[in-house]
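Take a look at the structure set out below.
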Amino acid sequence: MTAPLIDPFARTIDYLRVSVTDRCDFRCVYCMSENMQFLPKKDLLSLEELDRLCTAFIGLGVQKLRITGGEPLVRRDILKFFHAMSRHLEAGSLKELTLTTNGSQLERFAADLAAAGVRRINVSLDTLDEQKFADITRWGRVPQVLRGIDAAAAAGIPVKVNCVVQRGVNDHEIPDLCAYFRERGHPLRFIEFMDVGNTNHWTGDRVLPAREIVGLVHAHWPLEAAGPAYRGEVATRYRYRDGRGEIGIISSVTEPFCRDCHRARLSADGKLYTCLFTSLGWDVLGAARSTRMTDAGLEGFIRRIWRGRV
């Protein structure tokens, strides 16, 4: 059996976020500029390269793959990749294959994703107000996303809803979001507004701290703390005392979760990031495309990166 990937602080990698495209059919104002320039095809991981790299990570102990973007479902032939990863689920070497999506294409793909082994989906949705949603996403439409969530649930895939909270933008909608998704059995994850570069015009006064979010929800539906669902979970979980589900808070600004982080991120252009928030990545794509790089050599390259993590 291959030795697990362990960094200098004894953190073992078992969770890989994989961006399969930098393209998206929305232009969320805190994520992308309206005139976003996308990478040329030659600079992106092919589906075959994604398969090879993910297989290498799984061989090194990664048990959870989260497929992200951009918007993953706008990538051509993406279902081929999901079906390729399902062989690792069937073999038992991969425990969980999940997807983060804006929900725009979910109505179309939900049944096929379920057939390919996807067992959990996170949908990004910051507001139920149709005009505000259009303003935030520029191109998105609320009904389209809600139909996608319903389609995923009908296909048997549990859905979590991710909401980025901004003071003065959508913080007053927290009770409405909770009410809507409580009734439908979908957990909500509220995310503190994070600085993700120079496109989202981040300022600290727009961050609504986790404790305030919890207070807003608790005032409407009393909450009680719930323990993590698994080691290293980044969301702090709370149950509704009336038994009608739960919420989670991802407090990456006010309460960073680095101490027990066991995640890595593979970008669409083949850079490996050992921290989800760093801008410095290792060129795994270049290594994978080297004519001299065997599968064993690729695993060794990845192992050296993780062992040097700080």
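Following the order of the structure tokens, chains are lettered A, B, ..., residues in each are numbered from 1, and ligands are numbered from 1.
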Check your understanding: Can you tell me, as a PyMOL selection string, what residues are no more than 12 Å from A:Glu173 when counting only C-alpha atoms, ignoring any on the same chain fewer than 4 positions away?
Key -> chain A and resi 125-129+132+163-169+177-180+190+213+216-217
Point to revise | For A:Arg307: contacts at 12 Å, only C-alpha atoms, fewer than 2 positions along chain excluded, given as a list in words | key: Pro4, Leu5, Ile6, Asp7, Pro8, Phe9, Ala10, Arg11, Thr12, Ile13, Thr274, Gly300, Phe301, Ile302, Arg303, Arg304, Ile305, Arg309 and Val310 of chain A
Check your understanding: How many Å lie between atom CA of A:Val161 and atom CA of A:Val20, rounded to one decimal?
Key ->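 Answer for the atom CA of A:Val161 to atom CA of A:Val20 separation: 20.6 Å.
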If you take only C-alpha atoms and a cut-off of 12 Å, which residues of stretch 114-195 of chain A touch stretch 84-89 of chain A, and what are their nearest atom pairs and distances in Å to one decimal, in chain and number order, as a tab-separated table?
```
residue	atom	partner	partner_atom	distance
A:Ala114	CA	A:Ser86	CA	10.6
A:Ala115	CA	A:Ser86	CA	9.3
A:Ala116	CA	A:Ser86	CA	6.1
A:Gly117	CA	A:Ser86	CA	5.8
A:Val118	CA	A:Ser86	CA	8.4
A:Arg119	CA	A:Leu89	CA	10.8
```
Residue contacts of stretch 234-238 of chain A (12 Å, only C-alpha atoms) excluding same-chain residues fewer than 5 positions away, as a tab-separated table (two decimals) with N, CA, C and O atoms, in the first residue's frame:
```tsv
chain	number	residue	atom	x	y	z
A	160	LYS	N	-26.38	20.85	-0.86
A	160	LYS	CA	-26.12	21.92	0.09
A	160	LYS	C	-26.09	23.23	-0.71
A	160	LYS	O	-25.61	23.26	-1.84
A	162	ASN	N	-24.68	27.04	-0.89
A	162	ASN	CA	-23.65	27.95	-0.41
A	162	ASN	C	-24.07	29.39	-0.66
A	162	ASN	O	-24.42	29.75	-1.78
A	187	PRO	N	-29.49	21.77	3.54
A	187	PRO	CA	-28.66	22.56	4.45
A	187	PRO	C	-28.10	23.80	3.76
A	187	PRO	O	-27.75	23.76	2.58
A	188	LEU	N	-28.00	24.87	4.51
A	188	LEU	CA	-27.39	26.11	4.02
A	188	LEU	C	-26.00	26.26	4.61
A	188	LEU	O	-25.77	25.94	5.79
A	189	ARG	N	-25.06	26.73	3.80
A	189	ARG	CA	-23.73	27.07	4.27
A	189	ARG	C	-23.51	28.55	3.99
A	189	ARG	O	-23.46	28.98	2.84
A	190	PHE	N	-23.40	29.34	5.06
A	190	PHE	CA	-23.13	30.77	4.92
A	190	PHE	C	-21.62	30.99	4.96
A	190	PHE	O	-20.93	30.48	5.85
A	191	ILE	N	-21.12	31.75	4.01
A	191	ILE	CA	-19.68	31.95	3.84
A	191	ILE	C	-19.35	33.42	4.03
A	191	ILE	O	-19.95	34.29	3.38
A	192	GLU	N	-18.43	33.70	4.91
A	192	GLU	CA	-17.98	35.08	5.08
A	192	GLU	C	-17.36	35.58	3.78
A	192	GLU	O	-16.63	34.86	3.10
A	210	ALA	N	-19.17	35.45	11.49
A	210	ALA	CA	-19.94	34.23	11.74
A	210	ALA	C	-20.89	34.38	12.91
A	210	ALA	O	-22.04	33.92	12.87
A	211	ARG	N	-20.41	34.99	13.99
A	211	ARG	CA	-21.25	35.08	15.20
A	211	ARG	C	-22.52	35.89	14.93
A	211	ARG	O	-23.57	35.63	15.52
A	213	ILE	N	-24.06	36.10	11.95
A	213	ILE	CA	-24.91	35.24	11.12
A	213	ILE	C	-25.68	34.26	11.99
A	213	ILE	O	-26.89	34.09	11.85
A	214	VAL	N	-24.97	33.62	12.91
A	214	VAL	CA	-25.62	32.68	13.82
A	214	VAL	C	-26.70	33.38	14.64
A	214	VAL	O	-27.81	32.86	14.82
A	215	GLY	N	-26.40	34.58	15.11
A	215	GLY	CA	-27.38	35.33	15.89
A	215	GLY	C	-28.63	35.66	15.10
A	215	GLY	O	-29.76	35.56	15.64
A	217	VAL	N	-29.93	33.97	12.59
A	217	VAL	CA	-30.73	32.75	12.40
A	217	VAL	C	-31.36	32.33	13.71
A	217	VAL	O	-32.56	31.99	13.77
A	218	HIS	N	-30.58	32.37	14.78
A	218	HIS	CA	-31.06	31.92	16.10
A	218	HIS	C	-32.25	32.74	16.57
A	218	HIS	O	-33.14	32.23	17.26
A	221	TRP	N	-35.11	30.93	14.51
A	221	TRP	CA	-35.22	29.50	14.81
A	221	TRP	C	-34.06	29.13	15.72
A	221	TRP	O	-32.90	29.11	15.27
A	222	PRO	N	-34.32	28.85	16.98
A	222	PRO	CA	-33.23	28.54	17.91
A	222	PRO	C	-32.33	27.42	17.38
A	222	PRO	O	-32.79	26.45	16.79
A	223	LEU	N	-31.03	27.62	17.59
A	223	LEU	CA	-30.02	26.70	17.10
A	223	LEU	C	-29.28	26.05	18.26
A	223	LEU	O	-29.26	26.57	19.38
A	224	GLU	N	-28.66	24.92	17.97
A	224	GLU	CA	-27.73	24.31	18.92
A	224	GLU	C	-26.52	23.81	18.14
A	224	GLU	O	-26.64	23.44	16.96
A	225	ALA	N	-25.37	23.85	18.78
A	225	ALA	CA	-24.14	23.45	18.10
A	225	ALA	C	-24.18	21.98	17.75
A	225	ALA	O	-24.71	21.15	18.50
A	226	ALA	N	-23.63	21.66	16.59
A	226	ALA	CA	-23.48	20.27	16.15
A	226	ALA	C	-22.00	20.04	15.84
A	226	ALA	O	-21.32	20.95	15.34
A	227	GLY	N	-21.51	18.88	16.14
A	227	GLY	CA	-20.11	18.58	15.89
A	227	GLY	C	-19.83	18.44	14.40
A	227	GLY	O	-20.75	18.34	13.58
A	228	PRO	N	-18.56	18.41	14.04
A	228	PRO	CA	-18.20	18.24	12.63
A	228	PRO	C	-18.64	16.88	12.10
A	228	PRO	O	-18.64	15.90	12.84
A	229	ALA	N	-19.02	16.85	10.83
A	229	ALA	CA	-19.43	15.59	10.21
A	229	ALA	C	-18.23	14.72	9.90
A	229	ALA	O	-18.36	13.50	9.75
A	243	GLY	N	-35.57	20.38	14.92
A	243	GLY	CA	-35.30	19.18	14.13
A	243	GLY	C	-35.44	19.36	12.64
A	243	GLY	O	-35.38	18.38	11.89
A	244	ARG	N	-35.57	20.60	12.16
A	244	ARG	CA	-35.82	20.85	10.74
A	244	ARG	C	-34.53	21.14	9.97
A	244	ARG	O	-34.49	22.02	9.14
A	245	GLY	N	-33.47	20.39	10.26
A	245	GLY	CA	-32.26	20.52	9.46
A	245	GLY	C	-31.15	21.28	10.16
A	245	GLY	O	-31.09	21.35	11.39
A	246	GLU	N	-30.27	21.87	9.36
A	246	GLU	CA	-29.08	22.51	9.91
A	246	GLU	C	-28.60	23.64	9.00
A	246	GLU	O	-29.00	23.76	7.85
A	247	ILE	N	-27.71	24.45	9.57
A	247	ILE	CA	-26.93	25.41	8.79
A	247	ILE	C	-25.46	25.19	9.11
A	247	ILE	O	-25.12	24.48	10.07
A	248	GLY	N	-24.60	25.79	8.31
A	248	GLY	CA	-23.18	25.77	8.60
A	248	GLY	C	-22.60	27.14	8.30
A	248	GLY	O	-23.13	27.88	7.46
A	249	ILE	N	-21.53	27.50	9.00
A	249	ILE	CA	-20.87	28.78	8.80
A	249	ILE	C	-19.41	28.52	8.43
A	249	ILE	O	-18.71	27.80	9.14
A	250	ILE	N	-18.98	29.08	7.31
A	250	ILE	CA	-17.58	28.99	6.92
A	250	ILE	C	-16.96	30.36	7.21
A	250	ILE	O	-17.17	31.33	6.48
A	251	SER	N	-16.20	30.42	8.31
A	251	SER	CA	-15.70	31.70	8.83
A	251	SER	C	-14.23	31.88	8.48
A	251	SER	O	-13.39	32.03	9.37
A	252	SER	N	-13.93	31.84	7.20
A	252	SER	CA	-12.53	31.87	6.76
A	252	SER	C	-11.85	33.20	7.01
A	252	SER	O	-10.63	33.30	6.96
A	255	GLU	N	-12.30	33.45	11.58
A	255	GLU	CA	-11.83	32.25	12.31
A	255	GLU	C	-11.21	31.27	11.32
A	255	GLU	O	-11.82	30.24	10.98
A	256	PRO	N	-10.00	31.54	10.82
A	256	PRO	CA	-9.37	30.67	9.81
A	256	PRO	C	-9.23	29.23	10.30
A	256	PRO	O	-9.08	28.98	11.50
A	257	PHE	N	-9.29	28.30	9.34
A	257	PHE	CA	-9.32	26.87	9.69
A	257	PHE	C	-8.06	26.15	9.20
A	257	PHE	O	-8.11	24.99	8.82
A	258	CYS	N	-6.91	26.83	9.25
A	258	CYS	CA	-5.67	26.26	8.69
A	258	CYS	C	-5.13	25.11	9.51
A	258	CYS	O	-4.46	24.21	8.98
A	259	ARG	N	-5.35	25.12	10.83
A	259	ARG	CA	-4.67	24.19	11.73
A	259	ARG	C	-4.82	22.73	11.31
A	259	ARG	O	-3.86	21.96	11.37
A	260	ASP	N	-6.00	22.34	10.86
A	260	ASP	CA	-6.24	20.94	10.52
A	260	ASP	C	-6.58	20.78	9.04
A	260	ASP	O	-7.26	19.83	8.65
A	261	CYS	N	-6.11	21.70	8.20
A	261	CYS	CA	-6.46	21.65	6.78
A	261	CYS	C	-5.80	20.45	6.09
A	261	CYS	O	-4.59	20.25	6.21
A	262	HIS	N	-6.58	19.69	5.38
A	262	HIS	CA	-6.08	18.50	4.68
A	262	HIS	C	-6.48	18.54	3.21
A	262	HIS	O	-6.64	17.52	2.57
A	263	ARG	N	-6.61	19.78	2.67
A	263	ARG	CA	-7.08	19.96	1.30
A	263	ARG	C	-5.96	20.49	0.40
A	263	ARG	O	-5.06	21.19	0.85
A	276	LEU	N	-5.78	26.68	-0.11
A	276	LEU	CA	-6.89	27.10	-0.97
A	276	LEU	C	-6.85	28.59	-1.28
A	276	LEU	O	-7.49	29.04	-2.23
```
